[in-house]
$ cat data_32.cif   # mmCIF, C-alpha atoms
data_structure
#
loop_
_atom_site.label_atom_id
_atom_site.label_comp_id
_atom_site.auth_asym_id
_atom_site.auth_seq_id
_atom_site.Cartn_x
_atom_site.Cartn_y
_atom_site.Cartn_z
CA MET A 14 0.00 0.00 0.00
CA ILE A 15 0.96 3.65 -0.36
CA ASN A 16 3.09 4.85 2.56
CA PRO A 17 0.55 6.65 4.79
CA VAL A 18 2.97 9.49 5.61
CA ASN A 19 3.51 10.19 1.92
CA ARG A 20 -0.19 9.83 1.18
CA ASP A 21 -1.10 12.30 3.93
CA LEU A 22 1.51 14.79 2.71
CA LEU A 23 0.26 14.71 -0.87
CA THR A 24 -3.33 15.02 0.34
CA SER A 25 -2.39 18.11 2.34
CA LEU A 26 -0.90 19.69 -0.81
CA PHE A 27 -4.11 19.00 -2.73
CA ASP A 28 -6.12 20.49 0.13
CA ALA A 29 -3.94 23.63 0.08
CA ALA A 30 -4.44 23.99 -3.68
CA VAL A 31 -8.22 23.67 -3.35
CA ALA A 32 -8.35 26.03 -0.37
CA ALA A 33 -6.58 28.72 -2.40
CA ALA A 34 -9.50 28.62 -4.86
CA ASP A 35 -12.21 28.48 -2.19
CA PRO A 36 -14.94 31.02 -3.01
CA LYS A 37 -15.01 32.10 0.66
CA LEU A 38 -11.41 33.26 0.27
CA VAL A 39 -11.34 34.68 -3.24
CA LEU A 40 -14.82 36.00 -4.03
CA PRO A 41 -15.43 38.80 -1.47
CA LYS A 42 -12.38 40.87 -2.42
CA HIS A 43 -13.41 40.93 -6.09
CA LEU A 44 -17.02 42.03 -5.71
CA PRO A 45 -17.95 45.41 -7.28
CA ASP A 46 -19.84 48.18 -5.53
CA PRO A 47 -23.66 47.85 -5.45
CA PRO A 48 -25.51 49.64 -8.26
CA LYS A 49 -28.25 52.24 -8.16
CA GLY A 50 -30.63 49.73 -9.69
CA ARG A 51 -31.13 45.99 -9.39
CA THR A 52 -28.44 43.37 -8.71
CA VAL A 53 -28.92 40.16 -10.67
CA VAL A 54 -26.69 37.12 -10.13
CA ILE A 55 -26.21 34.52 -12.84
CA GLY A 56 -23.72 31.71 -13.00
CA ALA A 57 -22.71 28.31 -14.31
CA GLY A 58 -20.15 25.66 -13.52
CA LYS A 59 -19.27 22.92 -11.07
CA GLY A 60 -18.60 25.47 -8.31
CA ALA A 61 -21.31 27.99 -9.20
CA ALA A 62 -23.58 27.08 -6.27
CA GLN A 63 -20.73 27.49 -3.77
CA MET A 64 -19.88 30.87 -5.28
CA ALA A 65 -23.54 31.89 -5.04
CA ALA A 66 -23.73 30.85 -1.39
CA VAL A 67 -20.68 32.97 -0.54
CA PHE A 68 -22.12 35.91 -2.49
CA GLU A 69 -25.30 35.74 -0.41
CA GLN A 70 -23.26 35.98 2.80
CA VAL A 71 -21.34 39.13 1.86
CA TRP A 72 -23.43 41.21 -0.57
CA PRO A 73 -24.68 44.34 1.26
CA GLY A 74 -27.88 45.02 -0.69
CA PRO A 75 -30.89 43.30 -2.26
CA PHE A 76 -30.33 40.86 -5.12
CA GLU A 77 -31.92 38.07 -7.13
CA GLY A 78 -30.64 35.47 -9.49
CA VAL A 79 -30.13 31.93 -10.74
CA VAL A 80 -27.11 29.66 -11.23
CA VAL A 81 -26.70 26.16 -12.68
CA THR A 82 -24.37 23.43 -11.50
CA ARG A 83 -23.76 19.74 -12.07
CA TYR A 84 -26.07 17.13 -10.53
CA GLY A 85 -24.98 16.53 -6.94
CA TYR A 86 -22.95 19.76 -6.68
CA SER A 87 -25.71 22.00 -5.33
CA VAL A 88 -25.54 23.73 -1.95
CA PRO A 89 -28.41 25.59 -0.24
CA CYS A 90 -28.94 29.26 -1.11
CA ARG A 91 -31.56 31.51 0.47
CA THR A 92 -32.37 33.78 -2.47
CA ILE A 93 -30.47 32.65 -5.55
CA ARG A 94 -32.12 29.75 -7.38
CA VAL A 95 -29.75 26.82 -7.86
CA LEU A 96 -30.53 24.54 -10.80
CA GLU A 97 -28.82 21.26 -11.64
CA ALA A 98 -28.06 19.75 -15.04
CA ALA A 99 -25.93 17.07 -16.68
CA HIS A 100 -22.18 17.13 -17.19
CA PRO A 101 -20.25 16.35 -19.37
CA VAL A 102 -22.99 15.65 -21.95
CA PRO A 103 -25.86 18.20 -21.78
CA ASP A 104 -29.46 17.29 -21.10
CA ALA A 105 -32.94 18.86 -21.07
CA ALA A 106 -32.40 20.25 -17.57
CA GLY A 107 -29.45 22.22 -18.92
CA LEU A 108 -31.64 23.58 -21.71
CA ALA A 109 -34.16 24.78 -19.11
CA ALA A 110 -31.33 26.31 -17.06
CA THR A 111 -30.09 28.23 -20.09
CA GLU A 112 -33.58 29.67 -20.58
CA ALA A 113 -33.69 30.63 -16.89
CA LEU A 114 -30.41 32.56 -17.17
CA PHE A 115 -31.67 34.47 -20.19
CA GLY A 116 -34.89 35.18 -18.30
CA ALA A 117 -32.93 36.56 -15.35
CA VAL A 118 -31.19 39.22 -17.47
CA GLU A 119 -34.21 40.21 -19.54
CA GLY A 120 -35.44 43.82 -19.41
CA LEU A 121 -32.55 45.31 -17.41
CA SER A 122 -31.53 48.98 -17.47
CA ALA A 123 -28.21 50.80 -17.53
CA GLU A 124 -28.48 51.31 -13.75
CA ASP A 125 -28.67 47.58 -13.09
CA LEU A 126 -25.73 45.26 -12.34
CA VAL A 127 -25.29 41.65 -13.42
CA ILE A 128 -22.74 39.60 -11.50
CA ALA A 129 -21.76 36.46 -13.39
CA LEU A 130 -20.22 33.61 -11.36
CA VAL A 131 -18.52 31.38 -13.92
CA CYS A 132 -16.27 28.35 -13.50
CA GLY A 133 -15.34 25.16 -15.30
CA GLY A 134 -18.09 22.81 -16.43
CA GLY A 135 -20.37 25.54 -17.72
CA SER A 136 -20.00 24.52 -21.35
CA ALA A 137 -21.98 21.31 -20.85
CA LEU A 138 -24.37 22.83 -18.32
CA LEU A 139 -25.56 25.55 -20.74
CA PRO A 140 -26.80 23.94 -23.96
CA ALA A 141 -28.39 26.40 -26.36
CA PRO A 142 -28.62 24.89 -29.85
CA PRO A 143 -29.02 27.56 -32.55
CA ASP A 144 -31.84 27.53 -35.07
CA GLY A 145 -31.73 24.37 -37.14
CA LEU A 146 -30.08 22.23 -34.46
CA THR A 147 -31.46 20.31 -31.48
CA LEU A 148 -30.35 19.43 -27.98
CA GLU A 149 -29.49 15.98 -29.30
CA ASP A 150 -27.20 17.59 -31.90
CA GLU A 151 -25.41 19.59 -29.22
CA ALA A 152 -25.07 16.51 -27.00
CA ALA A 153 -23.63 14.54 -29.91
CA LEU A 154 -21.16 17.37 -30.59
CA ASN A 155 -20.06 17.39 -26.96
CA ALA A 156 -19.54 13.63 -26.98
CA ALA A 157 -17.48 13.88 -30.17
CA LEU A 158 -15.32 16.65 -28.73
CA LEU A 159 -14.71 14.77 -25.49
CA ALA A 160 -13.59 11.68 -27.41
CA SER A 161 -11.36 13.61 -29.81
CA GLY A 162 -8.36 14.33 -27.58
CA ALA A 163 -8.42 17.98 -28.67
CA PRO A 164 -7.29 20.56 -26.08
CA ILE A 165 -9.97 22.47 -24.22
CA THR A 166 -9.26 25.72 -26.08
CA ALA A 167 -9.90 24.03 -29.42
CA MET A 168 -13.08 22.39 -28.17
CA ASN A 169 -14.43 25.65 -26.81
CA SER A 170 -13.70 27.53 -30.04
CA ILE A 171 -15.99 25.02 -31.77
CA ARG A 172 -18.67 25.06 -29.06
CA LYS A 173 -18.95 28.85 -29.34
CA GLN A 174 -20.02 28.59 -32.97
CA VAL A 175 -22.77 26.09 -32.19
CA SER A 176 -24.48 27.90 -29.34
CA GLY A 177 -26.94 30.65 -28.59
CA ILE A 178 -25.36 31.49 -25.21
CA LYS A 179 -21.61 30.94 -25.39
CA GLY A 180 -19.07 33.43 -26.73
CA GLY A 181 -20.48 36.42 -24.84
CA ARG A 182 -24.06 36.00 -26.02
CA LEU A 183 -25.47 35.95 -22.49
CA THR A 184 -23.79 39.26 -21.70
CA ALA A 185 -25.12 40.73 -24.93
CA ALA A 186 -28.64 39.77 -23.80
CA ALA A 187 -28.14 41.65 -20.52
CA HIS A 188 -27.32 44.95 -22.27
CA PRO A 189 -27.61 47.82 -21.30
CA ALA A 190 -26.92 46.53 -17.76
CA ARG A 191 -23.30 46.44 -16.62
CA VAL A 192 -21.92 42.89 -16.34
CA VAL A 193 -19.08 41.95 -13.98
CA SER A 194 -17.83 38.41 -14.61
CA LEU A 195 -16.03 36.70 -11.73
CA ILE A 196 -14.16 33.73 -13.19
CA VAL A 197 -12.63 30.68 -11.56
CA SER A 198 -10.28 29.56 -14.33
CA ASP A 199 -9.80 25.90 -15.23
CA ILE A 200 -8.17 26.81 -18.56
CA PRO A 201 -4.41 26.58 -19.26
CA GLY A 202 -3.27 30.17 -19.59
CA ASP A 203 -6.34 31.51 -17.75
CA ASP A 204 -8.09 33.07 -20.76
CA PRO A 205 -11.46 34.00 -19.18
CA ALA A 206 -13.20 33.82 -22.55
CA MET A 207 -12.43 30.08 -22.65
CA VAL A 208 -13.82 29.22 -19.21
CA ALA A 209 -17.21 27.52 -19.75
CA SER A 210 -16.88 28.68 -23.39
CA GLY A 211 -17.32 32.29 -22.24
CA PRO A 212 -21.08 32.82 -21.86
CA THR A 213 -20.38 36.32 -20.52
CA VAL A 214 -16.95 36.97 -22.08
CA PRO A 215 -16.68 37.51 -25.85
CA ASP A 216 -13.44 36.90 -27.73
CA ASP A 217 -12.06 37.20 -31.24
CA THR A 218 -12.19 33.55 -32.29
CA THR A 219 -14.07 33.03 -35.55
CA LEU A 220 -15.92 30.38 -37.50
CA GLU A 221 -12.75 29.90 -39.51
CA ASP A 222 -10.84 29.18 -36.27
CA ALA A 223 -13.42 26.56 -35.32
CA LEU A 224 -13.25 24.84 -38.70
CA ALA A 225 -9.44 24.89 -38.55
CA ALA A 226 -9.59 23.16 -35.13
CA VAL A 227 -11.90 20.49 -36.56
CA ASP A 228 -9.38 19.77 -39.30
CA ALA A 229 -6.28 20.02 -37.11
CA PHE A 230 -7.51 17.48 -34.57
CA GLY A 231 -9.39 15.22 -36.95
CA ILE A 232 -12.70 15.70 -35.13
CA THR A 233 -15.62 13.75 -36.59
CA LEU A 234 -18.56 16.11 -36.21
CA PRO A 235 -22.18 14.92 -36.19
CA PRO A 236 -23.48 15.41 -39.76
CA THR A 237 -26.06 17.99 -38.71
CA VAL A 238 -23.42 20.06 -36.91
CA ALA A 239 -20.99 19.81 -39.81
CA ALA A 240 -23.69 21.04 -42.18
CA TYR A 241 -24.52 23.91 -39.84
CA LEU A 242 -20.89 25.05 -39.57
CA HIS A 243 -20.58 25.12 -43.34
CA GLY A 244 -23.69 27.26 -43.68
CA ASP A 245 -24.54 30.84 -42.76
CA VAL A 246 -23.44 30.90 -39.11
CA PRO A 247 -24.30 34.14 -37.24
CA ALA A 248 -21.19 35.98 -36.04
CA ALA A 249 -20.50 35.89 -32.30
CA PRO A 250 -20.13 39.14 -30.32
CA LYS A 251 -16.65 40.73 -30.26
CA PRO A 252 -14.84 42.31 -27.29
CA SER A 253 -14.69 45.59 -29.21
CA ASP A 254 -18.49 45.83 -29.47
CA THR A 255 -19.71 49.02 -27.77
CA GLU A 256 -22.25 47.16 -25.62
CA PHE A 257 -19.40 45.65 -23.58
CA GLU A 258 -17.60 48.94 -22.81
CA SER A 259 -18.72 49.15 -19.17
CA ASP A 260 -18.30 45.44 -18.41
CA GLU A 261 -15.50 43.92 -16.33
CA VAL A 262 -13.91 40.50 -16.23
CA ARG A 263 -11.96 39.37 -13.17
CA VAL A 264 -10.17 36.02 -12.78
CA VAL A 265 -10.56 35.36 -9.05
CA ALA A 266 -8.90 31.93 -8.84
CA SER A 267 -6.63 29.89 -11.10
CA ALA A 268 -4.31 26.88 -11.28
CA ASN A 269 -1.30 29.17 -10.91
CA LEU A 270 -2.48 30.54 -7.56
CA SER A 271 -3.39 27.06 -6.33
CA LEU A 272 -0.02 25.58 -7.27
CA GLU A 273 1.72 28.42 -5.44
CA ALA A 274 -0.36 27.58 -2.35
CA ALA A 275 0.59 23.90 -2.63
CA ALA A 276 4.25 24.88 -2.98
CA GLU A 277 4.05 26.94 0.19
CA ALA A 278 2.48 23.99 2.03
CA ALA A 279 5.36 21.80 0.86
CA ARG A 280 7.90 24.30 2.15
CA LYS A 281 6.16 24.36 5.53
CA ALA A 282 6.49 20.56 5.57
CA GLY A 283 10.24 20.90 5.08
CA LEU A 284 10.35 19.97 1.40
CA LYS A 285 11.57 21.85 -1.63
CA PRO A 286 8.77 22.41 -4.18
CA VAL A 287 9.25 22.80 -7.93
CA ILE A 288 6.39 24.01 -10.14
CA LEU A 289 6.82 22.78 -13.70
CA SER A 290 3.85 24.64 -15.21
CA ASP A 291 0.20 25.43 -14.61
CA ALA A 292 -0.66 24.98 -18.29
CA ILE A 293 0.46 21.48 -19.33
CA GLU A 294 -1.65 19.99 -22.10
CA GLY A 295 -1.41 16.86 -24.22
CA GLU A 296 -2.47 13.23 -24.19
CA ALA A 297 -2.75 12.14 -20.56
CA ARG A 298 -0.70 8.97 -20.95
CA ASP A 299 2.08 10.85 -22.77
CA VAL A 300 2.22 13.54 -20.09
CA GLY A 301 2.33 10.71 -17.54
CA LEU A 302 5.37 9.22 -19.25
CA MET A 303 7.13 12.60 -19.21
CA HIS A 304 6.49 13.11 -15.50
CA ALA A 305 7.60 9.55 -14.75
CA ALA A 306 10.84 10.05 -16.66
CA LEU A 307 11.51 13.25 -14.73
CA ALA A 308 10.82 11.56 -11.38
CA ARG A 309 13.08 8.64 -12.29
CA GLU A 310 15.88 11.03 -13.25
CA VAL A 311 15.59 12.88 -9.96
CA ARG A 312 15.49 9.65 -7.96
CA LEU A 313 18.34 7.84 -9.70
CA ARG A 314 20.65 10.68 -10.79
CA GLY A 315 19.70 13.74 -8.76
CA ARG A 316 18.94 15.86 -11.80
CA PRO A 317 17.52 18.28 -12.78
CA PHE A 318 16.47 18.57 -9.11
CA GLU A 319 17.92 17.04 -6.00
CA ALA A 320 15.73 14.89 -3.77
CA PRO A 321 13.86 15.28 -1.52
CA VAL A 322 11.59 17.37 -3.72
CA VAL A 323 7.91 17.78 -4.57
CA ILE A 324 7.27 18.27 -8.29
CA LEU A 325 4.01 20.13 -8.95
CA SER A 326 2.14 20.76 -12.18
CA GLY A 327 -1.30 21.68 -13.49
CA GLY A 328 -3.16 22.27 -16.72
CA GLU A 329 -5.59 20.04 -18.57
CA THR A 330 -4.58 16.87 -20.33
CA THR A 331 -6.86 14.97 -22.70
CA VAL A 332 -7.81 11.36 -23.38
CA THR A 333 -8.49 10.21 -26.92
CA LEU A 334 -11.00 7.41 -26.48
CA SER A 335 -10.95 4.22 -28.52
CA GLY A 336 -13.84 1.79 -28.72
CA ASP A 337 -16.41 2.23 -25.98
CA GLY A 338 -13.96 3.91 -23.64
CA GLY A 339 -13.57 2.86 -20.01
CA ARG A 340 -13.87 4.12 -16.46
CA GLY A 341 -11.90 7.00 -15.05
CA GLY A 342 -10.67 10.32 -16.34
CA ARG A 343 -7.60 12.17 -17.54
CA ASN A 344 -5.89 12.38 -14.13
CA SER A 345 -6.35 8.70 -13.42
CA GLU A 346 -5.07 7.81 -16.90
CA PHE A 347 -2.07 10.12 -16.46
CA LEU A 348 -1.25 8.40 -13.19
CA LEU A 349 -1.67 4.84 -14.48
CA SER A 350 0.69 5.61 -17.35
CA ALA A 351 3.23 7.03 -14.88
CA ALA A 352 2.79 4.06 -12.52
CA VAL A 353 3.52 1.57 -15.32
CA ALA A 354 6.64 3.56 -16.29
CA LEU A 355 7.85 3.67 -12.66
CA ASP A 356 7.17 0.00 -11.96
CA GLY A 357 9.69 -1.08 -9.30
CA VAL A 358 11.24 2.36 -8.75
CA GLU A 359 11.52 3.14 -5.04
CA GLY A 360 11.14 6.51 -3.32
CA VAL A 361 8.54 8.05 -5.68
CA THR A 362 4.91 8.67 -4.62
CA MET A 363 2.37 10.45 -6.82
CA LEU A 364 -1.06 12.04 -6.60
CA ALA A 365 -3.02 13.25 -9.63
CA ALA A 366 -6.52 14.64 -9.18
CA ASP A 367 -9.08 17.06 -10.56
CA THR A 368 -9.54 20.01 -8.23
CA ASP A 369 -13.33 19.86 -8.62
CA GLY A 370 -13.33 16.46 -6.88
CA ILE A 371 -14.49 14.34 -9.85
CA ASP A 372 -12.20 12.88 -12.52
CA GLY A 373 -14.24 11.59 -15.42
CA SER A 374 -17.07 9.09 -15.11
CA GLU A 375 -16.77 7.81 -11.53
CA ASP A 376 -16.73 9.31 -8.03
CA ASN A 377 -12.96 9.68 -7.60
CA ALA A 378 -10.98 12.88 -8.07
CA GLY A 379 -7.95 10.84 -9.10
CA ALA A 380 -5.60 8.41 -7.39
CA PHE A 381 -2.30 7.76 -5.66
CA ALA A 382 0.53 5.64 -7.05
CA ASP A 383 4.09 4.59 -6.34
CA GLY A 384 6.62 2.06 -7.63
CA THR A 385 4.58 -0.86 -6.26
CA THR A 386 1.24 0.09 -7.84
CA ALA A 387 1.68 -1.85 -11.09
CA ALA A 388 2.72 -4.95 -9.12
CA ARG A 389 -0.36 -4.69 -6.89
CA ILE A 390 -2.61 -4.52 -9.95
CA ARG A 391 -0.96 -7.64 -11.34
CA ALA A 392 -1.32 -9.38 -7.95
CA ALA A 393 -5.04 -8.62 -8.09
CA GLY A 394 -5.26 -10.52 -11.38
CA SER A 395 -5.13 -7.76 -14.00
CA ASP A 396 -2.58 -6.34 -16.40
CA PRO A 397 -2.00 -2.60 -15.81
CA ARG A 398 -0.93 -2.09 -19.43
CA ALA A 399 -4.13 -3.71 -20.69
CA LEU A 400 -6.21 -1.56 -18.37
CA LEU A 401 -4.37 1.54 -19.64
CA ALA A 402 -5.06 0.53 -23.25
CA ALA A 403 -8.76 0.10 -22.36
CA HIS A 404 -8.88 3.54 -20.64
CA ASP A 405 -9.90 1.78 -17.41
CA ALA A 406 -7.69 3.66 -14.97
CA TRP A 407 -10.47 3.65 -12.39
CA GLY A 408 -10.55 -0.15 -12.49
CA ALA A 409 -6.77 -0.29 -12.11
CA PHE A 410 -6.63 1.93 -9.05
CA ASP A 411 -9.69 0.29 -7.55
CA LEU A 412 -7.79 -3.01 -7.70
CA ALA A 413 -4.73 -1.35 -6.16
CA GLY A 414 -6.83 0.27 -3.43
CA ASN A 415 -5.49 3.72 -4.26
CA LEU A 416 -8.47 5.77 -5.47
CA PHE A 417 -8.64 9.33 -4.14
CA VAL A 418 -12.25 10.29 -3.31
CA PRO A 419 -12.52 13.68 -1.56
CA GLY A 420 -15.98 14.44 -3.00
CA PRO A 421 -17.02 17.69 -4.72
CA THR A 422 -14.77 20.53 -3.60
CA GLY A 423 -16.88 23.52 -4.62
CA THR A 424 -14.27 24.93 -6.97
CA ASN A 425 -12.43 23.96 -10.17
CA VAL A 426 -8.96 25.09 -11.22
CA ASN A 427 -8.18 22.04 -13.31
CA ASP A 428 -5.68 19.22 -12.89
CA PHE A 429 -3.42 18.95 -9.84
CA ARG A 430 -0.35 16.73 -9.94
CA ALA A 431 2.17 16.25 -7.14
CA ILE A 432 5.13 13.87 -7.25
CA LEU A 433 7.11 13.33 -4.04
CA VAL A 434 10.65 12.07 -4.59
CA ARG A 435 12.37 11.05 -1.36
#
$ encode --input "data_32.cif" --output "C-alpha cells"
Amino acid sequence: MINPVNRDLLTSLFDAAVAAADPKLVLPKHLPDPPKGRTVVIGAGKGAAQMAAVFEQVWPGPFEGVVVTRYGYSVPCRTIRVLEAAHPVPDAAGLAATEALFGAVEGLSAEDLVIALVCGGGSALLPAPPDGLTLEDEAALNAALLASGAPITAMNSIRKQVSGIKGGRLTAAAHPARVVSLIVSDIPGDDPAMVASGPTVPDDTTLEDALAAVDAFGITLPPTVAAYLHGDVPAAPKPSDTEFESDEVRVVASANLSLEAAAEAARKAGLKPVILSDAIEGEARDVGLMHAALAREVRLRGRPFEAPVVILSGGETTVTLSGDGGRGGRNSEFLLSAAVALDGVEGVTMLAADTDGIDGSEDNAGAFADGTTAARIRAAGSDPRALLAAHDAWGAFDLAGNLFVPGPTGTNVNDFRAILVR
C-alpha cells in the first residue's frame, strides 16, 4: 500500500491547492460596488452554487438570481435559485437552465448590475442549440469533442459557434446593464473567454478558427453540426463591441495561484517544491510518461532537481477514447501511465486529481501511485498495461486500493499533480 505518511503529505498539498481557490477566500475581495438599480446574479459551472452561497453571505444590498451546477454539486442558497443539469454531456435540464439565465437578465436597465459567477463545467451545463439544431445535436457534438483528444481551447472555439449562449451571447442579452464576470479559471493560460466557453466573455475567435480546429484534430462532427458550420453561421459578439464597454472581467482563482499555495504547504512541511507549469496539455498517458521520466531522473541521478523534492504541475490533459472507452478520467489515466513507467522504482509517490473532486465518469478525483502500484494490480489478477489501453484507470486503481475520493470541492482550477521524490 501507499506509505501513509507520503499519502497524507500529498493530500495536504491538494487540500492547500483547493483552499486557495475556495470562493469564501477569493470572491469577497473581487465584488464590485452595489448599483443604483437591481443586482442580478447569474452563473454556471461545477462550483457555481458554492460561489452563489458565498455571495449571499457578503453582498450588502438586495439581489436576485439563478445559477446552474452539475447534478450533486448544489448547496443551499436563500435567495439565488440553484438549478442542476448534466455534465459532461448536456441534457434537457441544462436547456431549461439556459432559458432561466436568459430570463434573469431580460429587461434590465443601464443602472442595473449583473454579477456572473462562472467556473469550469459551464460549457456542458448551458446547452443552447441555434436555429436548425437540437439538444441531441449539441449533446452529440459534446460527446465527439470529449472523445477527440483535442485541447480544451480548441473544443471551446468550436462550441462557441454552435451555441446561442456561449461566446459572450449571455452578456449581450443583458445589455444595457453592466456585467461583472467573476471567473474561476480551469483553462491553461487563464483566458477568461475560454472558461465555460465564455457565456459572458466575448473573444475574437471566428468560425474559420473553429473549422481549422476540426481539421487540425481530426474531429468527426455529427453530420447535422458539420452542415450547420458550413452554412450561414451568425457571427458571435466581439470584445470591441460598444455594448461591452462598461463590463468587467476578473479572474478570481486559477491553477497558478493554487499551485503556489501547494508549494508553500510543501515548504512548511520541510520539502523543496518545484512548479513545472500550470498549463500542461497533451495526451494524458504521454504527459504521464514525461512526468515519470523526470521523477526517475531525480530519484536515480539527482537531476535536474535534488531529492527530496515535490514536483508540482497543473493544466488540462486529454484522453483520446478508442472503442467504448472505459472508467476514469484524464488524471487517473495520467497516473496509471506514470505508474507503469515507474514500476519497481523506489522513493517516488504520486497524486493526480481534478480540483473539482471528480475525474471523469466515476466518483474519484484521481488516485495515488508509487513504484509498487503496477505490481499490486498484477497481484489482483489484471494487467496494468491492458487496463491503460482500455482507458480503465479507475478499475486499475480500484484493484490497487489507491483511489482518491474527496468528494465535490466547490471549486475547479483544473488538474493537480504532485510527485514526491524522497
$ closest_residue --input "data_32.cif" --among "A:Asn169, A:Ser271, A:Thr184, A:Gln70" --to "Glu258 in chain A" --atoms "all atoms listed in the file"
A:Thr184
$ atom_distance --input "data_32.cif" --atom1 "CA of Ser267 in chain A" --atom2 "CA of Lys59 in chain A"
14.4 Å
$ resolve_selection --input "data_32.cif" --expression "the PyMOL selection byres ((chain A and resi 290-293) around 6)" --output "PyMOL selection string"
chain A and resi 201-202+268-269+288-289+294+326-328
$ resolve_selection --input "data_32.cif" --expression "the PyMOL selection byres ((chain A and resi 24) around 12)" --output "PyMOL selection string"
chain A and resi 17-23+25-31+275+278-279+362-366+368+378-381+417-419+429-433
$ resolve_selection --input "data_32.cif" --expression "the PyMOL selection byres ((chain A and resi 302-304) around 10)" --output "PyMOL selection string"
chain A and resi 289+297-301+305-310+324-326+347-355+363+430-432
$ residues_around --input "data_32.cif" --residues "Asp104 in chain A" --least-positions-apart "4" --cutoff "10 Å" --atoms "all atoms listed in the file" --output "PyMOL selection string"
chain A and resi 98-100+108-109+137-140+148-149+151-152
$ residues_around --input "data_32.cif" --residues "range 75-79 of chain A" --least-positions-apart "2" --cutoff "12 Å" --atoms "only C-alpha atoms" --output "PyMOL selection string"
chain A and resi 47-57+61-62+64-66+68-73+81-82+90-97+109-119+125-130
$ atom_distance --input "data_32.cif" --atom1 "CA of Leu270 in chain A" --atom2 "CA of Val102 in chain A"
29.1 Å
$ residues_around --input "data_32.cif" --residues "range 185-189 of chain A" --least-positions-apart "3" --cutoff "8 Å" --atoms "all atoms listed in the file" --output "list in words"
Phe115, Val118, Glu119, Gly120, Leu121, Ser122, Ala123, Val127, Gly181, Arg182, Val192, Thr213, Pro250, Glu256 and Phe257 of chain A
